[in-house]
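Step one of this worksheet: look at the structure below.
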2 protein chains.
Amino acid sequence: MGQKAQAIRQRIVAAADQLFYQRGYEHTSFSDIADAVGISRGNFYYHFKTKDEILNAVIDIRVDQIQRMLDAWTYEYSDPQQRILLFIDILTNNQESIKSHGCPIGSLCTELAKLSHEMLQEANVMLAVMRDWLTDQFRALGMGADARKIAMHLLARTQGIATITNAFEDQQFLRQEVKRLRQWLDEMIAQYAN
Amino acid sequence: MGQKAQAIRQRIVAAADQLFYQRGYEHTSFSDIADAVGISRGNFYYHFKTKDEILNAVIDIRVDQIQRMLDAWTYEYSDPQQRILLFIDILTNNQESIKSHGCPIGSLCTELAKLSHEMLQEANVMLAVMRDWLTDQFRALGMGADARKIAMHLLARTQGIATITNAFEDQQFLRQEVKRLRQWLDEMIAQYAN
DNA sequence: ACAGAACTAGGACAAATGTCCTAATATTTG
DNA sequence: CAAATATTAGGACATTTGTCCTAGTTCTGT
């Protein structure tokens, strides 16, 4: 595979990434992606043999993007609380798209579970990466053995907020829950500070 | 429409209800439902003209079932806290299916949002019915103007738990979060008891 | 300039989909 | 019993799907 194919491949994955988020995996066809990229449908086969292969590539770059984002936060901020607040702010920063399409990660996992698709195992790595990073932060805040459970709790809270915001198409709810989440974090930290 | 058609119609809706939950709406075909009911695919048209019509019927009976369940709880128990605990216990009582297929309500709303399906508006009535009932309970516990927001919060918590339980296929997580939810309810009530 | 590799367009293919028609069979009603 | 109505099975229909092939074009290194 030469440079050109590499570039096309990236454009395909980027287009698929967006379309899978907006329309769902199954509801996005080869034609949709080919149209978005501007290549013929037949030519698709040269770059990706199967639809699953595209899904795999999309999940891979998503995991990579998440990991890089978290690494950057770890590098730029030293205060764990500050870092967790950045995580919570993902919701606020993406409230429009969450309202329209939910959480890109959670909704993909939900769909793959319905399809009994084996790649759910790869998809939930996206969540696992965040869980582990959050666990580190909570541990640094002195929550020791509870850190992982608290991280999972926060993960679930964000998923719930995204689902309800999406179902009711209500950004106002998202903002109100983010406030609650911030308050919860404060209380949690205070509680473990003793 | 005679009695026989009425009965078949109910069986179709029941089968569609289950299949939509297990496989998702779009991923369930006319054939799937027809096979499950034991009628020919062509005959389907006599009972339902379009797929949307089946979806509508499924949502209707789900709303009805939810409403009847909540009414029964209101009738059988007088303590609002007890009633809310019954709501929370939905999670525990359905942990196997939630692990495999998520929340039937939340996952349907998520799918319909992806399909840009107008019937999302009807689907989220399922959530709205629970929200309103929960609001009544929290109000009865003295939470006044906050009752509705607290009800929405609980709704989101359950959705998040279902999504994560499903994504990680982890019932253990569900149980641990239910405990947290019970504890939260206790604290909430204590807080407003003053 | 030229050979080989990289890349592309267009369409073929079977399978599945939602929708719809029709002719036949049950069931109800007068 | 007979006529009208309700219900059914089977298949037609066009469309879309993922997959795959082939013949052509563009690029790259020599």
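Chain labels A, B, ... are given in the sequence in which chains occur in the structure tokens; within each chain residues are numbered consecutively from 1, and ligands are likewise numbered from 1 in the order shown.
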
Residues within 12 Å of C:DA23, please, as a ChimeraX atom specification. Count only C-alpha atoms (C1' of nucleotides); anything in the same chain fewer than 3 positions from it doesn't count.
/D:8-11

With only C-alpha atoms (C1' of nucleotides) as the counted atoms, please give the residues lying no more than 10 Å from A:Arg9, apart from itself and same-chain residues fewer than 6 positions off, as a VMD selection string.
chain A and resid 1 3 15 37 44 46 to 48 54 57

Just-selected residues, N, CA, C and O atoms written as a PDB file, in the first residue's frame:
```pdb
ATOM      1  N   MET A   1       0.835  -1.209   0.000  1.00  0.00           N
ATOM      2  CA  MET A   1       0.000   0.000   0.000  1.00  0.00           C
ATOM      3  C   MET A   1       0.872   1.263   0.000  1.00  0.00           C
ATOM      4  O   MET A   1       1.704   1.453   0.871  1.00  0.00           O
ATOM      5  N   GLN A   3       1.503   5.611  -0.510  1.00  0.00           N
ATOM      6  CA  GLN A   3       1.093   6.782   0.275  1.00  0.00           C
ATOM      7  C   GLN A   3      -0.334   7.209  -0.029  1.00  0.00           C
ATOM      8  O   GLN A   3      -1.074   7.601   0.863  1.00  0.00           O
ATOM      9  N   ALA A  15     -14.453   9.422   7.564  1.00  0.00           N
ATOM     10  CA  ALA A  15     -15.850   9.553   7.123  1.00  0.00           C
ATOM     11  C   ALA A  15     -16.723   8.505   7.804  1.00  0.00           C
ATOM     12  O   ALA A  15     -17.837   8.804   8.257  1.00  0.00           O
ATOM     13  N   VAL A  37     -16.589  10.227   0.914  1.00  0.00           N
ATOM     14  CA  VAL A  37     -15.161  10.356   0.603  1.00  0.00           C
ATOM     15  C   VAL A  37     -14.981  10.855  -0.827  1.00  0.00           C
ATOM     16  O   VAL A  37     -14.001  11.523  -1.148  1.00  0.00           O
ATOM     17  N   PHE A  44     -14.029   0.738  -3.312  1.00  0.00           N
ATOM     18  CA  PHE A  44     -13.947   0.549  -1.873  1.00  0.00           C
ATOM     19  C   PHE A  44     -13.203  -0.741  -1.517  1.00  0.00           C
ATOM     20  O   PHE A  44     -12.411  -0.797  -0.576  1.00  0.00           O
ATOM     21  N   TYR A  46     -10.866  -2.206  -2.729  1.00  0.00           N
ATOM     22  CA  TYR A  46      -9.400  -2.151  -2.732  1.00  0.00           C
ATOM     23  C   TYR A  46      -8.867  -1.749  -1.354  1.00  0.00           C
ATOM     24  O   TYR A  46      -7.812  -2.203  -0.922  1.00  0.00           O
ATOM     25  N   HIS A  47      -9.594  -0.901  -0.678  1.00  0.00           N
ATOM     26  CA  HIS A  47      -9.121  -0.373   0.604  1.00  0.00           C
ATOM     27  C   HIS A  47      -9.610  -1.197   1.801  1.00  0.00           C
ATOM     28  O   HIS A  47      -8.869  -1.429   2.746  1.00  0.00           O
ATOM     29  N   PHE A  48     -10.867  -1.618   1.724  1.00  0.00           N
ATOM     30  CA  PHE A  48     -11.410  -2.435   2.813  1.00  0.00           C
ATOM     31  C   PHE A  48     -12.203  -3.601   2.235  1.00  0.00           C
ATOM     32  O   PHE A  48     -13.118  -3.401   1.459  1.00  0.00           O
ATOM     33  N   ILE A  54     -13.746  -2.020   8.320  1.00  0.00           N
ATOM     34  CA  ILE A  54     -13.866  -0.580   8.538  1.00  0.00           C
ATOM     35  C   ILE A  54     -14.198  -0.293   9.995  1.00  0.00           C
ATOM     36  O   ILE A  54     -13.619   0.587  10.622  1.00  0.00           O
ATOM     37  N   ALA A  57     -11.193  -0.543  12.040  1.00  0.00           N
ATOM     38  CA  ALA A  57     -10.311   0.617  11.878  1.00  0.00           C
ATOM     39  C   ALA A  57     -10.857   1.827  12.627  1.00  0.00           C
ATOM     40  O   ALA A  57     -10.103   2.579  13.252  1.00  0.00           O
TER      41      ALA A  57
END
```

From the list B:Thr92, B:Ala128, B:Asn43, B:Ala140, which residue is nearest B:Ile189 when using only C-alpha atoms?
B:Ala140

Shell of 10 Å around A:Ala113, only C-alpha atoms (C1' of nucleotides), local chain residues under 3 positions omitted, as a short mmCIF file (atom, residue, chain, number, x, y, z; two decimals) with all heavy atoms, in the first residue's frame:
```cif
data_model
loop_
_atom_site.label_atom_id
_atom_site.label_comp_id
_atom_site.auth_asym_id
_atom_site.auth_seq_id
_atom_site.Cartn_x
_atom_site.Cartn_y
_atom_site.Cartn_z
N SER A 107 -23.25 4.59 22.35
CA SER A 107 -24.26 4.18 21.36
C SER A 107 -23.71 3.11 20.43
O SER A 107 -24.46 2.25 19.98
CB SER A 107 -24.76 5.39 20.57
OG SER A 107 -23.70 6.04 19.89
N LEU A 108 -22.41 3.14 20.16
CA LEU A 108 -21.83 2.08 19.33
C LEU A 108 -21.85 0.75 20.07
O LEU A 108 -22.23 -0.28 19.50
CB LEU A 108 -20.39 2.44 18.93
CG LEU A 108 -19.70 1.42 18.03
CD1 LEU A 108 -20.45 1.19 16.74
CD2 LEU A 108 -18.26 1.84 17.73
N CYS A 109 -21.48 0.79 21.35
CA CYS A 109 -21.52 -0.45 22.15
C CYS A 109 -22.94 -1.00 22.20
O CYS A 109 -23.16 -2.21 22.06
CB CYS A 109 -21.00 -0.18 23.56
SG CYS A 109 -19.21 0.07 23.65
N THR A 110 -23.89 -0.11 22.40
CA THR A 110 -25.29 -0.53 22.45
C THR A 110 -25.70 -1.21 21.14
O THR A 110 -26.34 -2.27 21.15
CB THR A 110 -26.20 0.67 22.72
OG1 THR A 110 -25.89 1.22 24.01
CG2 THR A 110 -27.67 0.28 22.69
N SER A 116 -25.26 -8.66 18.24
CA SER A 116 -24.46 -9.80 18.70
C SER A 116 -23.13 -9.83 17.96
O SER A 116 -22.65 -10.88 17.55
CB SER A 116 -25.21 -11.12 18.49
OG SER A 116 -26.39 -11.13 19.23
N HIS A 117 -22.56 -8.65 17.78
CA HIS A 117 -21.33 -8.51 17.01
C HIS A 117 -20.13 -8.75 17.93
O HIS A 117 -20.02 -8.12 18.97
CB HIS A 117 -21.26 -7.11 16.42
CG HIS A 117 -20.37 -7.00 15.21
ND1 HIS A 117 -19.03 -7.25 15.27
CD2 HIS A 117 -20.64 -6.68 13.94
CE1 HIS A 117 -18.51 -7.07 14.07
NE2 HIS A 117 -19.47 -6.73 13.24
N GLU A 118 -19.25 -9.65 17.48
CA GLU A 118 -18.10 -10.00 18.33
C GLU A 118 -17.25 -8.78 18.65
O GLU A 118 -16.56 -8.72 19.65
CB GLU A 118 -17.21 -11.05 17.66
CG GLU A 118 -17.93 -12.11 16.85
CD GLU A 118 -17.67 -11.93 15.37
OE1 GLU A 118 -16.88 -11.05 14.99
OE2 GLU A 118 -18.30 -12.70 14.58
N MET A 119 -17.31 -7.78 17.77
CA MET A 119 -16.43 -6.63 17.95
C MET A 119 -16.84 -5.73 19.11
O MET A 119 -16.17 -4.74 19.39
CB MET A 119 -16.31 -5.84 16.65
CG MET A 119 -14.89 -5.39 16.38
SD MET A 119 -14.66 -4.78 14.72
CE MET A 119 -14.72 -6.29 13.78
N LEU A 120 -17.93 -6.09 19.78
CA LEU A 120 -18.26 -5.38 21.02
C LEU A 120 -17.08 -5.43 21.99
O LEU A 120 -16.81 -4.48 22.71
CB LEU A 120 -19.51 -6.01 21.66
CG LEU A 120 -19.89 -5.52 23.05
CD1 LEU A 120 -20.17 -4.02 23.06
CD2 LEU A 120 -21.11 -6.27 23.58
N GLN A 121 -16.37 -6.54 21.95
CA GLN A 121 -15.21 -6.71 22.84
C GLN A 121 -14.13 -5.67 22.56
O GLN A 121 -13.45 -5.22 23.46
CB GLN A 121 -14.63 -8.11 22.68
CG GLN A 121 -15.61 -9.25 22.93
CD GLN A 121 -16.38 -9.10 24.23
OE1 GLN A 121 -15.83 -8.63 25.23
NE2 GLN A 121 -17.65 -9.47 24.22
N GLN B 22 -34.20 -7.55 21.57
CA GLN B 22 -33.02 -8.40 21.48
C GLN B 22 -32.11 -8.05 20.30
O GLN B 22 -30.88 -8.09 20.42
CB GLN B 22 -33.46 -9.86 21.35
CG GLN B 22 -34.13 -10.38 22.62
CD GLN B 22 -34.69 -11.78 22.44
OE1 GLN B 22 -34.81 -12.26 21.32
NE2 GLN B 22 -35.04 -12.42 23.54
N ARG B 23 -32.72 -7.71 19.17
CA ARG B 23 -31.91 -7.49 17.96
C ARG B 23 -31.92 -6.05 17.48
O ARG B 23 -31.18 -5.71 16.55
CB ARG B 23 -32.45 -8.36 16.81
CG ARG B 23 -32.60 -9.82 17.15
CD ARG B 23 -33.00 -10.60 15.92
NE ARG B 23 -33.42 -11.95 16.25
CZ ARG B 23 -33.84 -12.84 15.37
NH1 ARG B 23 -33.91 -12.50 14.08
NH2 ARG B 23 -34.20 -14.05 15.73
N GLY B 24 -32.77 -5.24 18.05
CA GLY B 24 -32.91 -3.87 17.55
C GLY B 24 -34.01 -3.78 16.52
O GLY B 24 -34.38 -4.78 15.90
N LYS B 99 -27.78 -7.32 30.81
CA LYS B 99 -26.41 -7.67 30.42
C LYS B 99 -26.36 -7.99 28.92
O LYS B 99 -25.44 -7.57 28.21
CB LYS B 99 -25.95 -8.89 31.22
CG LYS B 99 -24.56 -9.38 30.83
CD LYS B 99 -24.26 -10.72 31.44
CE LYS B 99 -23.97 -11.74 30.37
NZ LYS B 99 -23.82 -13.11 30.87
N SER B 100 -27.34 -8.73 28.43
CA SER B 100 -27.32 -9.15 27.03
C SER B 100 -27.83 -8.11 26.05
O SER B 100 -27.31 -7.98 24.94
CB SER B 100 -28.16 -10.42 26.86
OG SER B 100 -27.67 -11.45 27.70
N HIS B 101 -28.84 -7.35 26.46
CA HIS B 101 -29.50 -6.46 25.50
C HIS B 101 -29.71 -5.04 25.98
O HIS B 101 -30.37 -4.26 25.29
CB HIS B 101 -30.85 -7.05 25.09
CG HIS B 101 -30.81 -8.51 24.76
ND1 HIS B 101 -31.37 -9.47 25.55
CD2 HIS B 101 -30.26 -9.17 23.71
CE1 HIS B 101 -31.17 -10.67 25.02
NE2 HIS B 101 -30.49 -10.52 23.91
N GLY B 102 -29.19 -4.70 27.14
CA GLY B 102 -29.36 -3.34 27.64
C GLY B 102 -30.76 -3.05 28.11
O GLY B 102 -31.54 -3.96 28.38
N ASN B 166 -24.35 -3.57 29.88
CA ASN B 166 -24.46 -4.18 28.56
C ASN B 166 -23.13 -4.15 27.82
O ASN B 166 -22.69 -5.16 27.26
CB ASN B 166 -25.54 -3.42 27.78
CG ASN B 166 -25.83 -4.03 26.43
OD1 ASN B 166 -26.00 -3.32 25.44
ND2 ASN B 166 -25.89 -5.34 26.33
N ALA B 167 -22.47 -3.01 27.83
CA ALA B 167 -21.22 -2.86 27.08
C ALA B 167 -20.13 -3.80 27.62
O ALA B 167 -19.39 -4.41 26.85
CB ALA B 167 -20.74 -1.41 27.13
N PHE B 168 -20.05 -3.90 28.94
CA PHE B 168 -19.02 -4.76 29.54
C PHE B 168 -19.54 -6.17 29.84
O PHE B 168 -18.79 -7.01 30.33
CB PHE B 168 -18.50 -4.13 30.84
CG PHE B 168 -17.52 -3.00 30.61
CD1 PHE B 168 -17.80 -1.72 31.06
CD2 PHE B 168 -16.32 -3.23 29.96
CE1 PHE B 168 -16.90 -0.68 30.86
CE2 PHE B 168 -15.42 -2.19 29.75
CZ PHE B 168 -15.72 -0.91 30.21
N GLU B 169 -20.82 -6.37 29.57
CA GLU B 169 -21.45 -7.66 29.89
C GLU B 169 -21.11 -8.07 31.31
O GLU B 169 -20.64 -9.17 31.57
CB GLU B 169 -20.99 -8.73 28.88
CG GLU B 169 -21.40 -8.39 27.46
CD GLU B 169 -20.90 -9.41 26.44
OE1 GLU B 169 -19.66 -9.58 26.34
OE2 GLU B 169 -21.72 -10.02 25.76
#
```

Can you list, as a tab-separated table (two decimals) with N, CA and C atoms, in the first residue's frame, every protein, DNA or RNA residue that comes within 9 Å of B:Ile61 when you count only C-alpha atoms (C1' of nucleotides), leaving out same-chain residues fewer than 3 positions away?
```tsv
chain	number	residue	atom	x	y	z
B	13	VAL	N	-47.38	-8.25	17.88
B	13	VAL	CA	-46.79	-7.16	18.66
B	13	VAL	C	-45.89	-7.70	19.77
B	14	ALA	N	-46.35	-8.79	20.40
B	14	ALA	CA	-45.54	-9.38	21.47
B	14	ALA	C	-44.21	-9.89	20.93
B	17	ASP	N	-42.05	-6.96	19.95
B	17	ASP	CA	-41.55	-6.33	21.17
B	17	ASP	C	-40.26	-7.01	21.62
B	56	ASN	N	-44.96	1.43	16.16
B	56	ASN	CA	-45.93	2.23	16.89
B	56	ASN	C	-46.72	1.37	17.89
B	57	ALA	N	-47.15	0.22	17.42
B	57	ALA	CA	-47.93	-0.67	18.28
B	57	ALA	C	-47.08	-1.16	19.45
B	58	VAL	N	-45.81	-1.46	19.17
B	58	VAL	CA	-44.93	-1.94	20.24
B	58	VAL	C	-44.74	-0.85	21.29
B	64	ASP	N	-48.16	1.34	27.83
B	64	ASP	CA	-49.28	0.83	28.61
B	64	ASP	C	-48.82	-0.07	29.74
B	65	GLN	N	-47.91	-0.97	29.42
B	65	GLN	CA	-47.41	-1.89	30.45
B	65	GLN	C	-46.71	-1.14	31.58
B	66	ILE	N	-45.91	-0.16	31.19
B	66	ILE	CA	-45.19	0.63	32.20
B	66	ILE	C	-46.19	1.34	33.09
```

Interatomic distance, atom CA of B:Asn94 to atom CA of A:Gly160 (Å, one decimal):
17.6 Å

At a cut-off of 9 Å, which residues of chain B touch chain C? Count only C-alpha atoms (C1' of nucleotides) and give the answer as a list of chain:residue names.
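Output check: B:Ser29, B:Phe30, B:Gly42, B:Tyr45, B:Lys49, B:Thr50, B:Lys51.
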
Which one of A:Tyr21, A:Ser31, A:Ile12, A:Thr135 sits closest to chain D if you count only C-alpha atoms (C1' of nucleotides)?
A:Ser31

Determine, counting only C-alpha atoms (C1' of nucleotides), which protein, DNA and RNA residues have an atom within 10 Å of an atom of A:Val125; residues of the same chain fewer than 6 positions away are not included. Present the result as number ranges by chain.
A: 59-60, 62-63, 105, 131; B: 167-168

Can you write just those residues out, all heavy atoms, as a CSV table (one decimal), in the first residue's frame?
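Final file, out.csv:
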```
chain,number,residue,atom,x,y,z
A,59,ILE,N,-12.8,1.8,15.3
A,59,ILE,CA,-12.6,1.6,16.7
A,59,ILE,C,-11.2,1.9,17.1
A,59,ILE,O,-10.9,2.5,18.1
A,59,ILE,CB,-13.0,0.2,17.1
A,59,ILE,CG1,-14.5,0.0,17.0
A,59,ILE,CG2,-12.6,-0.1,18.6
A,59,ILE,CD1,-15.0,-1.4,17.2
A,60,ASP,N,-10.2,1.4,16.3
A,60,ASP,CA,-8.8,1.6,16.6
A,60,ASP,C,-8.5,3.1,16.7
A,60,ASP,O,-7.8,3.5,17.6
A,60,ASP,CB,-8.0,0.9,15.5
A,60,ASP,CG,-7.9,-0.6,15.7
A,60,ASP,OD1,-8.3,-1.1,16.7
A,60,ASP,OD2,-7.4,-1.3,14.8
A,62,ARG,N,-10.4,5.5,17.2
A,62,ARG,CA,-11.1,6.1,18.4
A,62,ARG,C,-10.4,5.8,19.7
A,62,ARG,O,-10.2,6.7,20.5
A,62,ARG,CB,-12.5,5.6,18.5
A,62,ARG,CG,-13.5,6.2,17.5
A,62,ARG,CD,-14.9,6.0,17.9
A,62,ARG,NE,-15.9,6.3,16.8
A,62,ARG,CZ,-17.2,6.2,16.9
A,62,ARG,NH1,-17.7,5.7,18.0
A,62,ARG,NH2,-18.0,6.5,15.9
A,63,VAL,N,-10.0,4.6,19.9
A,63,VAL,CA,-9.2,4.2,21.1
A,63,VAL,C,-7.9,5.1,21.1
A,63,VAL,O,-7.6,5.6,22.2
A,63,VAL,CB,-8.9,2.7,21.0
A,63,VAL,CG1,-7.8,2.4,22.1
A,63,VAL,CG2,-10.1,1.9,21.2
A,105,ILE,N,-19.4,6.6,21.9
A,105,ILE,CA,-18.9,5.3,22.4
A,105,ILE,C,-20.0,4.4,22.9
A,105,ILE,O,-20.2,3.3,22.5
A,105,ILE,CB,-17.9,5.6,23.5
A,105,ILE,CG1,-16.7,6.4,23.0
A,105,ILE,CG2,-17.4,4.3,24.1
A,105,ILE,CD1,-15.8,6.9,24.1
A,131,ARG,N,-11.9,4.3,31.8
A,131,ARG,CA,-12.1,3.7,33.1
A,131,ARG,C,-10.7,3.7,33.8
A,131,ARG,O,-10.6,4.1,35.0
A,131,ARG,CB,-12.7,2.3,33.0
A,131,ARG,CG,-12.7,1.6,34.4
A,131,ARG,CD,-12.9,0.1,34.2
A,131,ARG,NE,-11.7,-0.5,33.4
A,131,ARG,CZ,-11.7,-1.6,32.8
A,131,ARG,NH1,-12.8,-2.3,32.8
A,131,ARG,NH2,-10.7,-2.0,32.2
B,167,ALA,N,-22.5,-3.0,27.8
B,167,ALA,CA,-21.2,-2.9,27.1
B,167,ALA,C,-20.1,-3.8,27.6
B,167,ALA,O,-19.4,-4.4,26.9
B,167,ALA,CB,-20.7,-1.4,27.1
B,168,PHE,N,-20.1,-3.9,28.9
B,168,PHE,CA,-19.0,-4.8,29.5
B,168,PHE,C,-19.5,-6.2,29.8
B,168,PHE,O,-18.8,-7.0,30.3
B,168,PHE,CB,-18.5,-4.1,30.8
B,168,PHE,CG,-17.5,-3.0,30.6
B,168,PHE,CD1,-17.8,-1.7,31.1
B,168,PHE,CD2,-16.3,-3.2,30.0
B,168,PHE,CE1,-16.9,-0.7,30.9
B,168,PHE,CE2,-15.4,-2.2,29.8
B,168,PHE,CZ,-15.7,-0.9,30.2
```

What are the residues of chain D that have an atom within 9 Å of an atom of chain A, counting only C-alpha atoms (C1' of nucleotides), as a PyMOL selection string?
chain D and resi 17-20

Correct to one decimal, the distance atom CA of A:Ala156-atom CA of A:Tyr77 is 24.1 Å

At what distance in Å, to one decimal, does atom CA of A:Leu174 lie from atom CA of A:Asp89?
10.7 Å
